[in-house]
Structure formats: C-alpha cells, structure tokens
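J.: Okay, so here is target-v1.txt, and as you'll see once you scroll down, it has compact mmCIF, C-alpha atoms.
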```txt
# COMPACT_ATOMS: atom_id res chain seq x y z
CA MET A 30 0.00 0.00 0.00
CA LEU A 31 2.89 2.35 0.74
CA GLU A 32 4.25 1.87 -2.76
CA LEU A 33 0.82 2.63 -4.19
CA HIS A 34 0.56 5.81 -2.12
CA ALA A 35 3.99 6.87 -3.36
CA LYS A 36 2.96 6.31 -6.98
CA VAL A 37 -0.24 8.33 -6.55
CA ARG A 38 1.70 11.12 -4.82
CA ASP A 39 4.32 11.24 -7.58
CA TYR A 40 1.70 11.12 -10.34
CA TYR A 41 -0.23 14.14 -9.07
CA SER A 42 2.91 16.06 -8.14
CA GLY A 43 3.93 15.49 -11.77
CA THR A 44 0.66 16.77 -13.25
CA LEU A 45 0.94 19.87 -11.07
CA GLU A 46 4.52 20.46 -12.15
CA ARG A 47 3.54 20.17 -15.83
CA HIS A 48 0.38 22.26 -15.80
CA GLY A 49 0.43 24.35 -12.62
CA PRO A 50 -2.58 24.89 -10.33
CA THR A 51 -5.15 24.49 -13.11
CA PRO A 52 -7.72 21.80 -13.99
CA LEU A 53 -5.08 20.09 -16.15
CA GLY A 54 -2.77 20.16 -13.15
CA VAL A 55 -5.19 17.89 -11.30
CA ASP A 56 -5.90 15.82 -14.43
CA TRP A 57 -9.24 17.29 -15.47
CA PRO A 58 -9.65 18.49 -19.06
CA ASN A 59 -11.27 21.80 -18.14
CA VAL A 60 -12.80 23.70 -15.28
CA LEU A 61 -16.40 22.97 -16.29
CA SER A 62 -15.83 19.23 -16.20
CA GLN A 63 -14.40 19.68 -12.70
CA TYR A 64 -17.32 21.85 -11.60
CA LEU A 65 -19.93 19.49 -13.04
CA ARG A 66 -18.54 16.78 -10.77
CA PHE A 67 -18.68 19.14 -7.80
CA VAL A 68 -22.33 19.86 -8.60
CA GLN A 69 -23.09 16.17 -8.09
CA LEU A 70 -20.91 15.71 -5.00
CA VAL A 71 -22.33 18.65 -3.06
CA LYS A 72 -25.87 17.32 -3.52
CA LEU A 73 -24.98 15.56 -0.29
CA CYS A 74 -24.64 18.81 1.66
CA ASP A 75 -27.34 20.83 3.37
CA PHE A 76 -26.42 24.41 2.47
CA GLY A 77 -29.19 25.70 4.71
CA ARG A 78 -26.88 25.43 7.70
CA SER A 79 -23.17 25.80 8.38
CA PHE A 80 -21.07 22.68 8.13
CA SER A 81 -17.52 21.38 8.10
CA LEU A 82 -16.11 19.63 5.07
CA ASN A 83 -13.19 17.34 4.28
CA ASP A 84 -12.10 17.66 0.65
CA PHE A 85 -10.05 14.52 0.20
CA GLY A 86 -7.67 14.71 -2.76
CA CYS A 87 -8.22 18.46 -2.80
CA GLY A 88 -5.50 19.33 -5.31
CA TYR A 89 -5.04 23.09 -5.37
CA GLY A 90 -8.44 23.63 -3.74
CA ALA A 91 -10.67 24.03 -6.79
CA LEU A 92 -13.71 23.06 -4.71
CA LEU A 93 -13.32 26.35 -2.82
CA GLU A 94 -13.64 28.25 -6.11
CA PHE A 95 -16.76 26.30 -6.94
CA LEU A 96 -18.30 26.86 -3.49
CA ALA A 97 -17.62 30.59 -3.78
CA MET A 98 -19.27 30.64 -7.22
CA ARG A 99 -22.29 28.46 -6.51
CA HIS A 100 -22.80 28.72 -2.75
CA GLY A 101 -21.20 32.03 -1.88
CA ASP A 102 -23.41 32.52 1.17
CA ALA A 103 -22.72 29.10 2.65
CA LEU A 104 -20.77 28.89 5.89
CA VAL A 105 -18.32 26.09 5.26
CA THR A 106 -15.33 25.21 7.39
CA TYR A 107 -13.08 23.58 4.84
CA ARG A 108 -10.23 21.14 5.27
CA GLY A 109 -8.38 20.07 2.13
CA ILE A 110 -6.29 16.92 2.24
CA ASP A 111 -3.94 15.73 -0.49
CA ILE A 112 -1.25 13.09 -0.71
CA SER A 113 0.95 15.36 -2.82
CA PRO A 114 3.03 17.89 -0.84
CA ALA A 115 3.33 19.98 -4.00
CA MET A 116 -0.48 20.19 -4.28
CA ILE A 117 -0.80 21.22 -0.66
CA ALA A 118 1.84 23.90 -1.11
CA ALA A 119 -0.01 25.21 -4.18
CA ALA A 120 -3.32 25.15 -2.29
CA ARG A 121 -1.89 26.99 0.71
CA ALA A 122 -0.42 29.65 -1.55
CA ARG A 123 -3.68 30.06 -3.44
CA TRP A 124 -5.96 30.23 -0.41
CA ALA A 125 -3.68 32.00 2.06
CA GLY A 126 -6.31 34.67 2.60
CA ASN A 127 -9.16 32.28 3.38
CA ALA A 128 -9.46 31.90 7.15
CA GLN A 129 -12.09 29.15 6.80
CA ALA A 130 -9.76 26.88 4.80
CA VAL A 131 -6.93 24.71 6.06
CA PHE A 132 -4.88 22.16 4.16
CA ALA A 133 -3.11 19.03 5.29
CA GLU A 134 -0.82 16.60 3.53
CA GLY A 135 -1.80 12.98 3.99
CA SER A 136 -3.37 9.79 2.70
CA GLN A 137 -6.23 9.84 5.23
CA CYS A 138 -8.73 12.52 6.25
CA GLY A 139 -7.12 12.97 9.63
CA ALA A 140 -10.03 14.88 11.15
CA LEU A 141 -13.76 14.47 11.63
CA ALA A 142 -16.07 16.71 9.58
CA ASP A 143 -19.78 16.83 8.83
CA TYR A 144 -19.19 15.80 5.23
CA SER A 145 -16.29 14.43 3.21
CA LEU A 146 -16.04 14.67 -0.57
CA ALA A 147 -13.54 13.11 -2.96
CA SER A 148 -13.55 13.81 -6.68
CA GLY A 149 -11.70 11.74 -9.25
CA ILE A 150 -9.31 10.07 -6.85
CA PHE A 151 -10.12 6.51 -7.92
CA ASN A 152 -9.82 6.97 -11.67
CA VAL A 153 -6.11 6.54 -12.35
CA ARG A 154 -4.86 3.24 -10.99
CA LEU A 155 -1.37 3.70 -12.37
CA GLY A 156 -0.86 0.16 -13.57
CA HIS A 157 -1.81 -1.48 -10.28
CA PRO A 158 -3.81 -4.71 -10.53
CA VAL A 159 -7.54 -4.14 -10.09
CA ALA A 160 -7.69 -6.22 -6.90
CA GLU A 161 -4.95 -4.15 -5.30
CA TRP A 162 -6.55 -0.91 -6.45
CA GLU A 163 -9.92 -1.97 -5.04
CA GLU A 164 -8.31 -2.69 -1.70
CA TYR A 165 -6.95 0.84 -1.79
CA VAL A 166 -10.42 2.20 -2.68
CA GLU A 167 -11.98 0.24 0.19
CA ALA A 168 -9.48 1.68 2.65
CA ILE A 169 -10.21 5.23 1.49
CA LEU A 170 -13.98 4.75 1.60
CA ALA A 171 -13.71 3.36 5.13
CA ASP A 172 -11.61 6.35 6.14
CA LEU A 173 -14.10 8.77 4.58
CA ALA A 174 -16.93 7.04 6.43
CA ALA A 175 -15.06 7.11 9.73
CA ASN A 176 -14.36 10.82 9.37
CA SER A 177 -17.79 12.00 8.22
CA ARG A 178 -20.54 12.74 10.72
CA LEU A 179 -23.32 13.19 8.18
CA GLY A 180 -22.04 11.57 5.03
CA PHE A 181 -19.54 11.40 2.22
CA ALA A 182 -19.60 11.48 -1.57
CA VAL A 183 -17.25 10.04 -4.18
CA ASN A 184 -17.26 9.43 -7.92
CA PHE A 185 -16.14 6.64 -10.22
CA MET A 186 -15.80 6.32 -13.99
CA LEU A 187 -18.27 4.03 -15.74
CA PRO A 188 -17.10 1.34 -18.15
CA ARG A 189 -17.07 2.16 -21.83
CA ASP A 190 -19.30 0.25 -24.21
CA GLU A 191 -16.27 -1.07 -26.01
CA ALA A 192 -14.87 -4.05 -24.15
CA ARG A 193 -11.29 -2.87 -23.89
CA ALA A 194 -10.65 -0.44 -21.08
CA GLU A 195 -7.88 2.12 -21.25
CA ALA A 196 -4.74 0.86 -19.59
CA GLY A 197 -4.17 2.48 -16.25
CA LEU A 198 -7.71 3.73 -15.67
CA TYR A 199 -10.21 2.26 -13.26
CA ARG A 200 -13.76 1.95 -14.58
CA ILE A 201 -16.54 0.13 -12.79
CA ALA A 202 -20.33 -0.25 -12.74
CA PRO A 203 -22.06 1.18 -9.63
CA ALA A 204 -23.14 -2.12 -8.02
CA ARG A 205 -19.69 -3.03 -6.65
CA TRP A 206 -19.33 0.16 -4.63
CA THR A 207 -22.99 0.74 -3.85
CA ARG A 208 -22.98 -2.66 -2.16
CA PHE A 209 -19.79 -1.86 -0.30
CA CYS A 210 -20.99 1.54 0.90
CA ASN A 211 -24.33 0.23 2.15
CA ARG A 212 -22.59 -0.66 5.42
CA PHE A 213 -21.84 3.02 6.01
CA GLY A 214 -25.31 4.43 5.48
CA ARG A 215 -27.99 5.13 2.92
CA VAL A 216 -26.48 5.16 -0.56
CA GLU A 217 -27.81 7.24 -3.43
CA THR A 218 -26.36 6.78 -6.92
CA VAL A 219 -26.30 9.82 -9.17
CA ALA A 220 -25.75 9.18 -12.88
CA ASP A 221 -26.74 10.57 -16.28
CA TYR A 222 -25.22 13.98 -15.71
CA GLY A 223 -23.39 14.07 -19.00
CA LEU A 224 -20.16 12.45 -17.92
CA ARG A 225 -19.34 8.77 -18.23
CA GLU A 226 -19.28 8.25 -14.51
CA PHE A 227 -21.46 8.03 -11.42
CA THR A 228 -21.43 9.64 -8.02
CA LEU A 229 -22.25 7.92 -4.76
CA LEU A 230 -23.82 10.00 -2.01
CA VAL A 231 -23.59 8.12 1.27
CA ARG A 232 -25.68 9.56 4.07
CA ARG A 233 -24.69 8.22 7.44
CA THR A 234 -27.52 6.71 9.46
CA THR A 235 -27.51 6.36 13.22
CA THR A 236 -27.24 2.58 12.88
CA ALA A 237 -24.31 2.81 10.50
CA ARG A 238 -22.56 5.39 12.69
CA LEU A 239 -22.93 3.20 15.76
CA GLY A 240 -22.27 -0.02 13.88
CA THR A 241 -18.99 -1.74 13.32
CA GLY A 242 -18.91 -1.75 9.53
CA ALA A 243 -16.38 1.00 9.19
CA ARG A 244 -14.16 -0.32 11.94
CA LYS A 245 -14.16 -3.80 10.40
CA VAL A 246 -13.11 -2.44 7.04
CA ARG A 247 -10.41 -0.31 8.59
CA ARG A 248 -8.92 -3.32 10.36
CA ARG A 249 -9.03 -5.38 7.21
CA SER A 250 -7.51 -2.74 4.97
CA SER A 251 -4.68 -1.93 7.33
CA ARG A 252 -3.18 -5.39 7.12
CA MET B 24 -6.84 33.24 -38.35
CA GLY B 25 -5.34 36.01 -40.32
CA GLY B 26 -1.88 35.93 -38.82
CA LEU B 27 -3.23 36.17 -35.27
CA VAL B 28 -2.51 32.49 -34.76
CA ALA B 29 0.36 30.66 -36.44
CA ASP B 30 -0.97 28.86 -39.52
CA SER B 31 0.14 25.48 -38.23
CA TYR B 32 -1.99 25.83 -35.09
CA VAL B 33 -5.23 26.93 -36.77
CA PRO B 34 -6.34 23.42 -37.79
CA ASP B 35 -5.53 22.26 -34.27
CA VAL B 36 -7.66 24.89 -32.56
CA LEU B 37 -10.54 24.22 -34.98
CA GLN B 38 -10.19 20.54 -34.12
CA GLN B 39 -10.32 21.36 -30.39
CA MET B 40 -13.58 23.24 -30.98
CA ASN B 41 -15.04 20.46 -33.12
CA SER B 42 -14.11 17.63 -30.79
CA ARG B 43 -15.88 19.42 -27.91
CA LEU B 44 -19.15 19.37 -29.82
CA ILE B 45 -19.49 15.84 -31.15
CA GLY B 46 -20.25 12.41 -29.69
CA GLU B 47 -19.71 11.92 -25.97
CA ALA B 48 -18.26 15.40 -25.58
CA LEU B 49 -21.48 16.88 -27.01
CA THR B 50 -23.42 15.11 -24.25
CA GLU B 51 -21.07 16.71 -21.73
CA MET B 52 -21.55 20.09 -23.37
CA VAL B 53 -25.32 19.82 -23.06
CA GLN B 54 -24.89 19.37 -19.31
CA PHE B 55 -22.31 22.18 -19.09
CA GLN B 56 -24.83 24.42 -20.81
CA LYS B 57 -27.63 23.31 -18.50
CA GLU B 58 -25.59 23.86 -15.35
CA PHE B 59 -23.39 26.82 -16.24
CA LYS B 60 -24.91 28.53 -19.30
CA VAL B 61 -21.53 28.35 -20.99
CA PHE B 62 -22.86 30.01 -24.12
CA SER B 63 -25.11 32.91 -23.36
CA SER B 64 -25.18 36.66 -23.82
CA GLN B 65 -23.59 36.92 -20.37
CA HIS B 66 -20.29 35.44 -21.60
CA THR B 67 -18.02 36.33 -24.47
CA LEU B 68 -16.70 33.54 -26.67
CA GLU B 69 -13.29 34.26 -25.17
CA THR B 70 -14.62 33.46 -21.71
CA SER B 71 -16.49 30.38 -22.87
CA PHE B 72 -13.55 28.91 -24.72
CA LYS B 73 -11.23 29.68 -21.82
CA LEU B 74 -13.59 27.76 -19.52
CA LEU B 75 -13.46 24.86 -21.97
CA ASN B 76 -9.68 25.09 -22.17
CA ILE B 77 -9.87 25.54 -25.92
CA ALA B 78 -6.98 27.58 -27.30
CA PRO B 79 -3.60 27.16 -28.92
CA VAL B 80 -0.79 26.22 -26.57
CA GLY B 81 1.64 29.13 -26.80
CA ASP B 82 0.91 32.46 -25.11
CA ALA B 83 1.19 34.54 -28.28
CA ASP B 84 -1.13 32.23 -30.21
CA ARG B 85 -3.59 32.12 -27.30
CA ARG B 86 -3.72 35.91 -27.28
CA GLY B 87 -4.13 35.89 -31.05
CA PHE B 88 -6.97 33.38 -30.88
CA PHE B 89 -8.88 35.40 -28.30
CA LYS B 90 -8.27 38.57 -30.32
CA PHE B 91 -9.70 36.78 -33.36
CA LEU B 92 -12.81 35.78 -31.41
CA ASN B 93 -13.29 39.36 -30.26
CA LEU B 94 -12.81 40.68 -33.81
CA LEU B 95 -15.85 38.62 -34.80
CA LYS B 96 -17.88 41.24 -32.90
CA LYS B 97 -17.19 43.51 -35.88
CA THR B 98 -18.32 41.07 -38.54
CA GLY B 99 -21.81 40.26 -39.75
CA ALA B 100 -23.56 36.91 -39.76
CA SER B 101 -25.90 34.79 -41.81
CA VAL B 102 -27.97 31.74 -40.99
CA ASP B 103 -28.80 29.39 -43.84
CA GLY B 104 -27.87 32.14 -46.26
CA LYS B 105 -29.99 34.88 -44.71
CA ALA B 106 -28.29 37.85 -43.06
CA THR B 107 -29.04 38.28 -39.37
CA LYS B 108 -28.91 41.36 -37.18
CA LEU B 109 -26.30 39.87 -34.88
CA SER B 110 -22.56 40.24 -35.11
CA GLY B 111 -20.60 37.15 -36.07
CA HIS B 112 -19.53 36.76 -32.45
CA ASP B 113 -23.03 37.04 -31.04
CA GLN B 114 -24.44 34.78 -33.74
CA ILE B 115 -22.02 32.02 -32.78
CA VAL B 116 -23.01 32.39 -29.12
CA ALA B 117 -26.72 32.39 -29.94
CA THR B 118 -26.38 29.44 -32.32
CA LEU B 119 -24.48 27.31 -29.83
CA GLN B 120 -26.85 28.24 -27.02
CA ARG B 121 -29.92 27.35 -29.05
CA ASN B 122 -28.37 24.10 -30.25
CA LEU B 123 -27.22 22.92 -26.82
CA GLU B 124 -30.52 23.85 -25.20
CA GLY B 125 -32.58 22.26 -27.96
CA SER B 126 -34.29 18.89 -27.81
CA LYS B 127 -31.92 17.30 -30.36
CA PRO B 128 -28.55 19.03 -30.28
CA LEU B 129 -26.53 18.60 -33.45
CA SER B 130 -22.82 17.99 -33.66
CA VAL B 131 -21.07 21.22 -34.55
CA HIS B 132 -18.46 21.69 -37.24
CA PHE B 133 -16.34 24.82 -37.07
CA THR B 134 -14.57 25.72 -40.26
CA SER B 135 -13.41 28.79 -42.12
CA HIS B 136 -13.83 30.59 -45.40
CA PRO B 137 -11.95 33.48 -47.00
CA ALA B 138 -13.15 36.69 -45.39
CA GLU B 139 -13.48 38.38 -48.77
CA GLN B 140 -16.28 36.07 -49.97
CA PRO B 141 -18.37 37.71 -48.56
CA LYS B 142 -16.29 39.96 -46.40
CA GLY B 143 -16.50 39.41 -42.68
CA ILE B 144 -19.52 37.18 -42.39
CA VAL B 145 -19.91 34.29 -39.98
CA LYS B 146 -21.97 31.73 -41.87
CA VAL B 147 -24.17 29.27 -40.00
CA THR B 148 -25.84 26.39 -41.79
CA ALA B 149 -27.80 23.51 -40.33
CA GLY B 150 -28.27 20.00 -41.64
CA ASP B 151 -24.92 19.51 -43.33
CA HIS B 152 -23.33 16.14 -43.93
CA VAL B 153 -19.79 17.29 -43.35
CA PHE B 154 -18.04 13.96 -43.66
CA ASN B 155 -18.61 11.61 -46.57
CA PHE B 156 -17.76 8.70 -44.28
CA SER B 157 -20.45 9.57 -41.74
CA SER B 158 -24.21 10.00 -41.69
CA LEU B 159 -23.96 12.52 -38.83
CA VAL B 160 -25.81 15.75 -39.45
CA PHE B 161 -23.96 18.88 -38.43
CA LEU B 162 -24.51 22.47 -37.60
CA THR B 163 -21.73 24.23 -39.49
CA ILE B 164 -20.22 27.48 -38.26
CA SER B 165 -17.84 28.97 -40.77
CA MET B 166 -15.71 31.87 -39.64
CA PRO B 167 -14.19 34.46 -41.98
CA MET B 168 -10.41 34.38 -42.09
CA ILE B 169 -7.89 36.27 -44.09
CA ASN B 170 -4.62 35.07 -45.51
CA ALA B 171 -1.88 36.00 -43.08
CA ASP B 172 0.36 37.08 -45.95
CA ARG B 173 -2.23 39.35 -47.53
CA PRO B 174 -0.91 42.92 -47.63
CA LYS B 175 -2.54 45.16 -45.05
CA ALA B 176 -5.20 47.56 -46.31
CA GLY B 177 -2.88 50.56 -46.08
CA ALA B 178 -0.13 48.76 -47.92
CA ARG B 179 -2.45 47.71 -50.73
CA LYS B 180 -3.35 51.31 -51.53
CA LYS B 181 0.26 52.21 -52.23
```
With the file now loaded, output its structure as structure tokens.
T.:
Amino acid sequence: MLELHAKVRDYYSGTLERHGPTPLGVDWPNVLSQYLRFVQLVKLCDFGRSFSLNDFGCGYGALLEFLAMRHGDALVTYRGIDISPAMIAAARARWAGNAQAVFAEGSQCGALADYSLASGIFNVRLGHPVAEWEEYVEAILADLAANSRLGFAVNFMLPRDEARAEAGLYRIAPARWTRFCNRFGRVETVADYGLREFTLLVRRTTTARLGTGARKVRRRSSR
Amino acid sequence: MGGLVADSYVPDVLQQMNSRLIGEALTEMVQFQKEFKVFSSQHTLETSFKLLNIAPVGDADRRGFFKFLNLLKKTGASVDGKATKLSGHDQIVATLQRNLEGSKPLSVHFTSHPAEQPKGIVKVTAGDHVFNFSSLVFLTISMPMINADRPKAGARKK
C-alpha cells in the first residue's frame, strides 16, 4: 500500500509540475468538467446550515472556487487533504487569505467533519492490478466514512461500451461500490449527468454510525 | 486566423472546438450548458472557450486566438444564407446556445472561409453532412479568415 501511495503522490505532483494549479494540473480536461462533478458531490450537503467539510484529494483547492461561485453565502469550514506535498503547497499559496480553509498533507482525512467529498481520486490506478486498487479504494472509503458525521460522496468512472478499457484507468459499474458503501449508510447513486461516470452519495444513518462496519473495514484494509 | 494564430496551429484549434461538440463530448456540453450557461449573452466567446480550455498552446497564439474571437464582434452573420442582425460573435453564441438547449442538439463543425467572400460574415448552416464517411448531421459554423500574408489595407493602396 505504501508503494501505491507513493505512486499516486508522484503522479499528481507530476501533473501539477507540468500544468500548474489548473484543472489540467489535477488531471481534469477543463474547469467545467471539474465543476460538473462538484455539482453532483455537493448534492450531499445541506447548504441551509453551516457545516464542516473534508475535501479529500483536494489538489489546489478548486472546490473552494466552486463553493464561492455556486454557494457564496454558505458557511463552510473547509479542510483540504492531499497526498501530494506539491499540491498542498499550491493550495496553501492560493488560499492563504481564506481563514475558513486549512490544508493538510496525507493519505487519510485525519479529522472528523460533517461531510467528506472526494472527486476523481479513484480513476487513475497507475498500472496497479484491479484487486490491489480496489483494496486501496476500500481503505479510502472506510476512512471517509469514519471521518464523516453526516455523510460522504465520491465518484467513479463508468465502463465504456467497447470491451477494452484504457490501460491504467479504473472503470466500474455502480453495483460493486454501492454494495460496499451500504454498510456506512444510505447510498444514493447519481448518474446521467453528461459524464461517463457516477457519483455515490452516502448519508450516514444512526445505525451505521454506531455499527462496526467502518471499523471492520479499517482493520481489514490496514493489514 | 489572419496571422493572429500561427498557420500550423489553426487546424488544431478548430479541431479542439469540433471535438468538444461531437459524440460523448457533445453530451457533456449539453450538461455544461444546462448547469453553467456556458454560451449565453452573459459570456463572451473568449470566456467560454477559456472555460473549456480551448486555445492554442503558446501564449502569443492564445492571445491571437482570443483577439480573433473578439474581432468577430465587428463582422456580420448569416444563418442558412440569410443575413441576421447579430454580429458574427453574437451569432455564434446564440447558435451554440440554441443548439445545446434544444431537444436534439446537433454535432457542430467549425470551419473557415476566406473573409473576402463575402467579407467578414460568420456563416451558420444547419443540416450539413460534413463527412462523406459519416451519416452525422452537423450544424456548421464557418468563420471568416484572411490570408496571413495578404498585404494590409494601407499597404495595398500604395
């Protein structure tokens, strides 16, 4: 797992070095594609009240731009987490004036928040076997669940119609991860929003919060 | 693009525009339009294309491309051969907006024609079969361009 983390860190540090703190720098083709994903992910959040938010795999903090544009009146205490030190440095430089935003380098959330969101972090598996990548995904989902009071949201790329998948990308139908996330709470699948992908909104339920599902997964994934 | 963008990059930037408005990318664009009103009177083409990350790579060519888009504000426009009251720039915006917000959005083909024939007119035509290898029906947007080597107006008078 450590080797996998190192590869992910190096990959995203590389994209940032090549393209700077831009959508291309976090491997999205353009800002609208990035924002359209945020539109789906934040369907989880209740903007009628203030809340805290973990942005896992935050990159340079593009979600803050989106929140300012779409939900400028919302009171959000934001914590961005990224495995790439270069990304965190870029994010801190960009958002130095935002007192409601903090950034941390790491491969886990590291702090409890009302909601946790993660956009596009499962898409590039960097040549790792699918089984190994899915173990990595499970560990992250368990961490998101453990660090989210009200819920978390993530997205995955859908398979293409053509049988052959692109080397290095991870594409999957919703059932695999809907089933997995059921242990954490009530799962809603959002699809058909113009991108070949789906978003899972997982709302924590009292039973799931008190249950042992997340702890079991955490023990299993840490082996 | 009349010397504003290096000749070798013009086909590339047209291709960037075309590939954003066909197939799977067209489906994305419909959603971008629905969520963000990418093409509307509130945004210039420069803004819209910047949001879509459509531009030549180099700084000078990027500036040239955006200058070209803004120069289209000074040209006229026609739709299916009939002159409209909009500038070329505004006609492109209106055409893309209407297409993306319509019930059956068409793939879009951006191309160019010599500005002199007729001078400075953005020409929009619907229902074209652009490719002989495809049955896809396109909305064609042809932009007026001048030869980069053409002597400037002042120079021609001498």
J.: Do me a favour and pick out the residues of chain A within 7 Å of chain B, using all atoms listed in the file, as a list in words.
T.: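 Residues of chain A within 7 Å of chain B, counting all atoms listed in the file: Asn59, Val60, Leu61, Tyr222, Gly223 and Leu224 of chain A.
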J.: Which residues are close to region 212-219 of chain A, i.e. within 6 Å by all atoms listed in the file, leaving aside same-chain residues fewer than 3 positions away? Reply as number ranges by chain.
T.: A: 227-234, 237, 242
J.: Residues as selected, C-alpha atoms, written as a tab-separated table (two decimals), keeping the file's coordinate frame, can you do that?
T.:
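Just written: out-v1.tsv:
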```
chain	number	residue	atom	x	y	z
A	227	PHE	CA	-21.46	8.03	-11.42
A	228	THR	CA	-21.43	9.64	-8.02
A	229	LEU	CA	-22.25	7.92	-4.76
A	230	LEU	CA	-23.82	10.00	-2.01
A	231	VAL	CA	-23.59	8.12	1.27
A	232	ARG	CA	-25.68	9.56	4.07
A	233	ARG	CA	-24.69	8.22	7.44
A	234	THR	CA	-27.52	6.71	9.46
A	237	ALA	CA	-24.31	2.81	10.50
A	242	GLY	CA	-18.91	-1.75	9.53
```
J.: Just the number, please: distance in Å from CA of Met98 (chain A) to CA of Gln69 (chain A), one decimal.
T.: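 Going from CA of Met98 (chain A) over to CA of Gln69 (chain A) covers 15.0 Å.
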J.: Using only C-alpha atoms, determine which residues lie at most 12 Å from Pro158 (chain A), disregarding the query and same-chain residues fewer than 4 positions distant; provide the list as a list of chain:residue names.
T.: A:Leu33, A:Val153, A:Arg154, A:Trp162, A:Glu163, A:Glu164, A:Tyr165, A:Ala196, A:Gly197, A:Leu198, A:Tyr199
J.: Pick out the closest residue to Arg225 (chain A) from this set: A:Ala130, A:Ala122, A:Leu187, A:Val166. Count all atoms listed in the file.
T.: A:Leu187
J.: So that I can see what lies close to Arg121 (chain B), please list as a list in words the residues with an atom at most 12 Å from it, counting only C-alpha atoms and leaving out residues fewer than 4 positions away in the same chain.
T.: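 My list of contacting residues is Val53, Gln56, Lys57, Lys60, Val61, Phe62, Ser63, Ser64, Gln114, Ile115, Val116, Ala117, Gly125, Ser126, Lys127, Pro128, Leu129 and Leu162 of chain B.
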J.: Could you jot down the CA of Pro34 (chain B) to CA of Ser62 (chain A) separation for me, Å, one decimal place?
T.: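 According to the coordinates, CA of Pro34 (chain B) and CA of Ser62 (chain A) are separated by 24.0 Å.
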J.: Pick the closest to Arg178 (chain A) from A:Ala115, A:Ala140, A:Ala160, A:Ile201: which is it, counting only C-alpha atoms?
T.: A:Ala140
J.: Can you pull out every residue within 10 Å of Ile112 (chain A), counting all atoms listed in the file, but drop anything in the same chain fewer than 2 positions away, and send it as a list in words?
T.: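 Answer for this query is His34, Ala35, Val37, Arg38, Asp39, Tyr41, Ser42, Phe85, Gly86, Cys87, Gly88, Ile110, Pro114, Ala115, Met116, Ile117, Ala133, Glu134, Gly135, Ser136 and Gln137 of chain A.
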J.: By how many Å are CA of Leu94 (chain B) and CA of Asp30 (chain B) apart?
T.: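 Interatomic distance here is 17.7 Å.
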J.: Around (-19.3, 22.2, -29.6) in the file's frame, which residues reach within 9 Å when counting all atoms listed in the file? Return as JSON, numbers by chain?
T.: {"B": [40, 41, 42, 43, 44, 45, 48, 49, 52, 119, 123, 129, 130, 131, 132, 133]}
J.: Would you mind telling me which residue in A:Ala202, A:Ala125, A:Val183, A:Ala103 lies nearest to Ile150 (chain A) when using only C-alpha atoms?
T.: A:Val183
J.: Return the single residue from A:Ala171, A:Val131, A:Phe185, A:Tyr89 that is closest to Ala204 (chain A), with distances computed using all atoms listed in the file.
T.: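 Of all the options, A:Phe185 lies closest to Ala204 (chain A).
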J.: Which polymer residues have any atom within 7 Å of an atom of Val28 (chain B), counting all atoms listed in the file, with same-chain residues fewer than 4 positions away left out, as a PDB file with C-alpha atoms, in the frame of the given file?
T.:
```pdb
ATOM      1  CA  MET B  24      -6.840  33.240 -38.350  1.00  0.00           C
ATOM      2  CA  TYR B  32      -1.990  25.830 -35.090  1.00  0.00           C
ATOM      3  CA  VAL B  33      -5.230  26.930 -36.770  1.00  0.00           C
ATOM      4  CA  ASP B  84      -1.130  32.230 -30.210  1.00  0.00           C
ATOM      5  CA  GLY B  87      -4.130  35.890 -31.050  1.00  0.00           C
ATOM      6  CA  PHE B  88      -6.970  33.380 -30.880  1.00  0.00           C
TER       7      PHE B  88
END
```
J.: Compare B:Ser157, B:Gln120, B:Ser31, B:Ser110 by their minimum atom-to-atom distance to His66 (chain B), counting only C-alpha atoms, and give me the closest one.
T.: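 Nearest candidate to His66 (chain B) out of B:Ser157, B:Gln120, B:Ser31, B:Ser110: B:Gln120.
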J.: Using all atoms of region 102-108 of chain B listed in the file and a margin of 3 Å per side, can you give the axis-aligned box centre and edge lengths in Å to one decimal, as AutoDock Vina command-line options?
T.:
```
--center_x -28.9 --center_y 35.4 --center_z -41.7 --size_x 8.1 --size_y 18.0 --size_z 15.1
```
